[in-house]
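Okay, structure first, notes after.
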Amino acid sequence: MKQNQKSAGFLTLMIAVMLLLVGSYAFFESADISLFLIKRFQNTLVAKKLHWAAQGGLECAFVVNKQNTGVLPTLQSYTDCEKEVLPVGERGRLDLLVTAKTVSGSLYDLMSQASESNGRGDRNVSKNIEVTTKSVMPGIFKTSSMLRLTGDFALLPNKNTNKDGKNECITMVVKDKKNFVHSDSTANSKLIIRDNDGYSEGQVPPGVDLTVLNNSAKLGDFSCAPGYQSFNQVGTREGEYLANDIDEDPTMDMFKDLFGVSKDKWKEVRDSQFTGSHAAIINKDNTGVMVENCADKINKAYKNGAKRIWIDGSCNLGSTDTPATDGMPIDLNTPADNKTGMEVMIVVRDGIIYSAGQVGISGLVYQFKTGDRADSAMTADMVTSCEKAGFCSSSAHSAPYKNKAFYTHGALYAFGGLAVDMPDLVFEVFGSLWAEYDISKWQGIISPGGGAGSGGSSVKWKEGTWRDQ
C-alpha cells in the first residue's frame, strides 16, 4: 500500500514538474515573441519617424524656395528646417539634413536625409523642383483690358532667349487671347513682329508679298524662333497667324508683379516709393480732376530729376509746351526716335490716358484702377478729352470713346513697355504704332533699391521625380 502511495506521489511530482517546465517554456517563449514584436514595432516606428521627417524636410525646402524667390536653390539656407520639422523631443536623437543640387537649366534636385544620431538608421528622399524666372514686364504690352489695334503696327519684341539659346520672342501678354483684336476699316492693315530675318512662307497668309513685307519686318539683331513671330492682316481669318509671342496669362496680377504687394496697398506704395528727390506725385488724391497738359507735368517732373512719377486721376497727354518735349518721356516733337539714357516709370491711378495726335512714350507706363472711382466716371473723362481735341461731339458720347481707358488717335511710338491694368475697359491704339521692347528704359528703377526687377521666380514640383530610399 505504501509502495503504491509513493509511486503515485512521485508521478504527481513528475507531472507537476513537467507542467511547470512546459509552462515556463511557454512563458519565456511568449515573452521572447513579445520582446521581438516590441522591437519590431519600435523599428517600424523609428522608420516611420525617419520617413516623415525626411519628407517634412523636402516640404520645408520647397517653402524656403517659394518664400525666397530670386535666390537659386543651391544658394538657399535650409538650416532652420531641422527645428521646423523635428518635434522638440526628437531633436538630438534624430538629425535632418537638406541640400540642393543643379540637375540642368531650371531643374534642381532637393534632397532630404533624416537619420538617427547613433547612426543605426536613416531615410533619404528627394524630388526635383523647377525654378522659372518671371519678368514683371516680359513684352512690349501687358494688359488685362481688351486690346484693340486699329491700323498698321510694327513691333520689336523681347527676344527672350531660353537656356538652349533660342529666342522665344514675347510681344505682349494678355489676360485672355480673345481680348486681343486687330481690326480696321483700312484695307490691308497689318500687325508685324519684327526681327532680323523677317518672315518666311507659312508664317503669312497666301498672297502676301514677302519681299514687300520684309522691307518693314527686318529690324533688330536677333531672329525669333519658329512659332514665336505673329502676323495678322485685316481680311484674313482673325487670329489664324497669331503665334506664341502673344502670351496668355489669365491669373496676371500686375500690381503685385511690379511692387511685391497686393493692389489694396497702393497708397502705402505711392507714399513710400514715390517720394524724395527722384520721384514725384502729380494731382495727389484728386482723381476727380483731370490732369490737363499731362505731358508738360510729366516732363517737368523728369527734368527736375524724377524717375518715378505717380499721377492720380486721368492724364490728357496734350501739351502747351511742345518745343520742350524733345528727348522727354512724353515726346510730341520727335516721337519716332528711341533716345538712349532715359529711364522712367510712370504710374496712372484711377484715370484714363489720352492722346489726340502723334506721341512718343518712353519708359514703363503702368495704368491701373482701384475700384474707388467708377468706370463711367473715367470714360466720361475720355469723352471730355476727345471733345476738346475735336474728335467727337456730344452726340458721339456713347460711340467709340464710351468704354476706353487708354486711347491714342494718331501715331504712337512706344519704347520700353505699356502695362494697362484696366479690366472691363479698352486699351486702343488708333492710327499706327511703332513699338520696341526696351528694358533699359525701366530696369534700374522698377524696385526702390534699383534692382533689375526680374519679378522673382516661379517654383513648382517636377512631377514624376519622387525618390525614396
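In the C-alpha cells, chains take letters A, B, ... by order of appearance, with residues numbered from 1 within each chain and ligands from 1 in the order shown.
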
Might you pull out every residue within 6 Å of Tyr228 (chain A), with only C-alpha atoms counted and same-chain residues fewer than 4 positions away left off, and present them as a short mmCIF file (atom, residue, chain, number, x, y, z; two decimals) with N, CA and C atoms, in the first residue's frame?
```
data_model
loop_
_atom_site.label_atom_id
_atom_site.label_comp_id
_atom_site.auth_asym_id
_atom_site.auth_seq_id
_atom_site.Cartn_x
_atom_site.Cartn_y
_atom_site.Cartn_z
N GLU A 168 12.67 82.78 -77.86
CA GLU A 168 11.23 82.56 -77.76
C GLU A 168 10.57 83.92 -77.54
N CYS A 169 10.50 84.70 -78.61
CA CYS A 169 10.11 86.10 -78.55
C CYS A 169 8.76 86.31 -77.84
N CYS A 224 13.55 85.55 -84.19
CA CYS A 224 12.61 84.83 -83.33
C CYS A 224 12.58 83.35 -83.73
N ALA A 243 0.98 83.95 -83.10
CA ALA A 243 1.90 82.90 -82.65
C ALA A 243 2.14 82.99 -81.15
N ASN A 244 3.13 82.22 -80.70
CA ASN A 244 3.40 82.13 -79.26
C ASN A 244 4.03 83.38 -78.66
N ASP A 245 4.37 84.36 -79.49
CA ASP A 245 4.90 85.61 -78.94
C ASP A 245 3.80 86.42 -78.26
#
```

List every residue of region 403-427 of chain A that has an atom at most 10 Å from any atom of region 124-139 of chain A, giving for each one its closest atom pair and the distance in Å to one decimal, counting only C-alpha atoms, sorted by chain and then by ascending residue number, as JSON lines.
```
{"residue": "A:Gly416", "atom": "CA", "partner": "A:Gly139", "partner_atom": "CA", "distance": 9.1}
{"residue": "A:Gly417", "atom": "CA", "partner": "A:Gly139", "partner_atom": "CA", "distance": 7.1}
{"residue": "A:Leu418", "atom": "CA", "partner": "A:Met137", "partner_atom": "CA", "distance": 8.7}
{"residue": "A:Ala419", "atom": "CA", "partner": "A:Met137", "partner_atom": "CA", "distance": 7.8}
```

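The neighbours of region 54-70 of chain A here are the residues that come within 8 Å of it, using only C-alpha atoms and leaving out any residue fewer than 3 positions away in the same chain; they are Leu50, His51, Pro73, Gln76, Tyr78, Cys81, Glu82, Glu84, Val85, Leu96, Leu97, Val98, Leu110, Met111, Ser112, Gln113, Ala114, Arg123, Asn124, Val125, Ser126, Lys127, Ile129, Thr133, Gly456, Ser457, Ser458 and Val459 of chain A.
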
Which residues in region 99-317 of chain A does DSSP call strand (DSSP E or B)? List them as a PyMOL selection string. chain A and resi 99-104+107-116+122-133+141-143+146-156+158+161+167+170+172-174+180-182+190-193+195+218+231-234+236+246-248+279-282+291+308-312+315-316

Residues within 10 Å of Leu242 (chain A), only C-alpha atoms, excluding chain neighbours under 4 positions, as a list in words: Lys177, Leu191, Gln203, Val204, Gly227, Tyr228, Gln229, Ser230, Phe231, Asn232, Glu238 and Ile246 of chain A

Suppose we keep N, CA and C atoms; can you now write the selection as a CSV table (one decimal), in the first residue's frame?
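The resulting file, selection06.csv, is reproduced below:
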```
chain,number,residue,atom,x,y,z
A,177,LYS,N,-6.6,85.7,-74.7
A,177,LYS,CA,-6.3,86.0,-76.1
A,177,LYS,C,-7.5,86.4,-76.9
A,191,LEU,N,-0.4,93.7,-88.7
A,191,LEU,CA,0.3,93.6,-87.4
A,191,LEU,C,1.6,92.8,-87.8
A,203,GLN,N,4.4,81.5,-92.6
A,203,GLN,CA,4.1,82.4,-91.4
A,203,GLN,C,3.1,83.4,-91.8
A,204,VAL,N,2.8,83.5,-93.1
A,204,VAL,CA,1.9,84.6,-93.5
A,204,VAL,C,0.8,84.0,-94.4
A,227,GLY,N,7.5,79.7,-84.7
A,227,GLY,CA,6.4,79.7,-83.8
A,227,GLY,C,6.2,80.9,-82.9
A,228,TYR,N,7.2,81.8,-82.9
A,228,TYR,CA,7.2,82.9,-82.0
A,228,TYR,C,7.2,84.3,-82.7
A,229,GLN,N,6.5,84.3,-83.8
A,229,GLN,CA,6.5,85.6,-84.6
A,229,GLN,C,5.1,85.7,-85.3
A,230,SER,N,4.3,86.5,-84.6
A,230,SER,CA,2.9,86.7,-85.1
A,230,SER,C,2.9,87.5,-86.4
A,231,PHE,N,1.8,87.3,-87.2
A,231,PHE,CA,1.5,88.2,-88.3
A,231,PHE,C,0.0,88.2,-88.4
A,232,ASN,N,-0.6,89.3,-88.6
A,232,ASN,CA,-2.0,89.4,-88.9
A,232,ASN,C,-2.3,90.5,-89.9
A,238,GLU,N,-9.4,85.9,-88.4
A,238,GLU,CA,-8.9,86.5,-87.1
A,238,GLU,C,-8.1,85.5,-86.3
A,246,ILE,N,2.5,86.1,-78.5
A,246,ILE,CA,1.4,86.7,-77.8
A,246,ILE,C,1.0,85.7,-76.7
```

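If you measure from each of A:Lys142, A:Lys48, A:Lys190, A:Arg349 to Gly431 (chain A) using only C-alpha atoms, the closest one turns out to be A:Lys190.
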
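For region 62-179 of chain A, the set of residues given helix (DSSP H, G or I) by DSSP on the backbone reads A:Phe62, A:Val63, A:Val64, A:Asn65, A:Lys66, A:Gln67, A:Pro73, A:Thr74, A:Leu75, A:Cys81, A:Glu82, A:Lys83, A:Glu84, A:Val85, A:Val88, A:Gly89, A:Glu90, A:Lys177, A:Lys178, A:Asn179.
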
Judged by only C-alpha atoms, the minimum distance to Cys386 (chain A) among A:Ala336, A:Gly318, A:Glu343, A:Ser440 is found for A:Gly318

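Take CA of Ala279 (chain A) and CA of Ile309 (chain A): the distance between them is 5.7 Å.
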
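Checking A:Val212, A:Lys388, A:Asp421, A:Phe430 one by one against Thr408 (chain A), counting only C-alpha atoms, you find the shortest gap at A:Phe430.
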
Asn196 (chain A) surroundings by only C-alpha atoms, 8 Å radius, close-in-sequence under 2 positions cut, as a PyMOL selection string: chain A and resi 194+198+217-223

Residue subset to file, keeping C-alpha atoms, as a short mmCIF file (atom, residue, chain, number, x, y, z; two decimals), in the first residue's frame:
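Saved the output as part_39.cif:
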```cif
data_model
loop_
_atom_site.label_atom_id
_atom_site.label_comp_id
_atom_site.auth_asym_id
_atom_site.auth_seq_id
_atom_site.Cartn_x
_atom_site.Cartn_y
_atom_site.Cartn_z
CA ARG A 194 9.99 92.41 -86.49
CA GLY A 198 11.68 88.84 -91.36
CA ALA A 217 9.71 93.44 -90.91
CA LYS A 218 13.50 93.14 -90.81
CA LEU A 219 14.92 95.07 -87.89
CA GLY A 220 16.98 94.10 -84.88
CA ASP A 221 19.95 91.86 -84.21
CA PHE A 222 18.12 88.60 -83.43
CA SER A 223 15.75 86.12 -85.05
#
```

What lies within 8 Å of Val291 (chain A) using only C-alpha atoms, ignoring chain neighbours under 5 positions off, as JSON, numbers by chain? {"A": [283, 313, 314, 315, 316]}

Go ahead and write the selection's residues with C-alpha atoms as a PDB file, in the first residue's frame.
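As written to disk, out_21.pdb reads:
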```
ATOM      1  CA  ASN A 283      -2.584 115.584 -58.640  1.00  0.00           C
ATOM      2  CA  GLY A 313      -6.646 110.612 -61.953  1.00  0.00           C
ATOM      3  CA  SER A 314      -6.917 110.974 -65.708  1.00  0.00           C
ATOM      4  CA  CYS A 315      -3.965 112.072 -67.831  1.00  0.00           C
ATOM      5  CA  ASN A 316      -4.663 114.025 -71.031  1.00  0.00           C
TER       6      ASN A 316
END
```

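The list of residues with at least one atom within 12 Å of Asp253 (chain A), based on only C-alpha atoms and without residues fewer than 4 positions apart in the same chain, reads Val136, Met137, Lys142, Thr143, Ser144, Val173, Val174, Lys175, Asp249, Asp257, Leu258, Phe259, Gly260, Val261, Ser262, Lys263, Asp264, Phe368, Ala419, Val420, Asp421, Met422, Pro423 and Gly455 of chain A.
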
Same residues, N, CA and C atoms, saved as a tab-separated table (two decimals), in the first residue's frame:
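Saved to out17.tsv:
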```
chain	number	residue	atom	x	y	z
A	136	VAL	N	8.59	90.99	-64.68
A	136	VAL	CA	7.42	91.83	-64.39
A	136	VAL	C	6.81	92.38	-65.67
A	137	MET	N	7.63	92.51	-66.70
A	137	MET	CA	7.16	93.08	-67.97
A	137	MET	C	7.84	92.32	-69.10
A	142	LYS	N	1.46	94.63	-71.70
A	142	LYS	CA	0.88	93.68	-70.75
A	142	LYS	C	-0.46	94.28	-70.34
A	143	THR	N	-1.53	93.53	-70.56
A	143	THR	CA	-2.83	94.15	-70.32
A	143	THR	C	-3.87	93.15	-69.86
A	144	SER	N	-4.70	93.60	-68.93
A	144	SER	CA	-5.88	92.83	-68.50
A	144	SER	C	-7.12	93.37	-69.20
A	173	VAL	N	1.58	90.32	-73.42
A	173	VAL	CA	0.93	89.39	-72.51
A	173	VAL	C	-0.48	89.89	-72.29
A	174	VAL	N	-1.46	89.04	-72.58
A	174	VAL	CA	-2.86	89.41	-72.43
A	174	VAL	C	-3.52	88.44	-71.44
A	175	LYS	N	-4.55	88.92	-70.78
A	175	LYS	CA	-5.24	88.06	-69.82
A	175	LYS	C	-6.02	86.97	-70.53
A	249	ASP	N	-2.00	85.03	-69.94
A	249	ASP	CA	-1.81	84.84	-68.50
A	249	ASP	C	-3.10	85.20	-67.77
A	257	ASP	N	3.21	92.07	-59.26
A	257	ASP	CA	4.44	91.82	-60.02
A	257	ASP	C	5.38	93.02	-59.92
A	258	LEU	N	4.82	94.22	-60.01
A	258	LEU	CA	5.64	95.43	-60.03
A	258	LEU	C	6.12	95.84	-58.64
A	259	PHE	N	5.24	95.70	-57.64
A	259	PHE	CA	5.56	96.26	-56.33
A	259	PHE	C	5.66	95.23	-55.21
A	260	GLY	N	5.36	93.98	-55.49
A	260	GLY	CA	5.53	92.93	-54.50
A	260	GLY	C	4.44	92.83	-53.45
A	261	VAL	N	3.40	93.65	-53.55
A	261	VAL	CA	2.29	93.61	-52.60
A	261	VAL	C	0.97	93.68	-53.36
A	262	SER	N	-0.13	93.39	-52.67
A	262	SER	CA	-1.42	93.40	-53.33
A	262	SER	C	-1.87	94.82	-53.66
A	263	LYS	N	-2.80	94.94	-54.60
A	263	LYS	CA	-3.23	96.24	-55.10
A	263	LYS	C	-3.88	97.10	-54.01
A	264	ASP	N	-4.49	96.46	-53.00
A	264	ASP	CA	-5.14	97.26	-51.95
A	264	ASP	C	-4.15	98.06	-51.10
A	368	PHE	N	-3.61	101.64	-63.74
A	368	PHE	CA	-4.45	100.68	-63.03
A	368	PHE	C	-5.61	101.39	-62.35
A	419	ALA	N	1.85	98.89	-69.62
A	419	ALA	CA	1.08	97.93	-68.83
A	419	ALA	C	-0.26	98.56	-68.47
A	420	VAL	N	-1.34	98.05	-69.04
A	420	VAL	CA	-2.67	98.61	-68.84
A	420	VAL	C	-3.51	97.60	-68.06
A	421	ASP	N	-3.72	97.92	-66.79
A	421	ASP	CA	-4.42	97.02	-65.87
A	421	ASP	C	-5.80	97.60	-65.57
A	422	MET	N	-6.66	97.60	-66.61
A	422	MET	CA	-7.97	98.23	-66.52
A	422	MET	C	-9.04	97.25	-67.01
A	423	PRO	N	-9.35	96.21	-66.25
A	423	PRO	CA	-10.34	95.22	-66.68
A	423	PRO	C	-11.68	95.89	-67.01
A	455	GLY	N	11.19	90.23	-61.13
A	455	GLY	CA	9.88	89.79	-60.70
A	455	GLY	C	9.93	88.50	-59.92
```

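Restricting the calculation to only C-alpha atoms, the smallest distance between Leu94 (chain A) and any of A:Met290, A:Val344, A:Ala411, A:Ala53 is found for A:Ala53.
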
How far is it from CA of Gly165 (chain A) to CA of Pro226 (chain A), in Å with one decimal? 13.0 Å
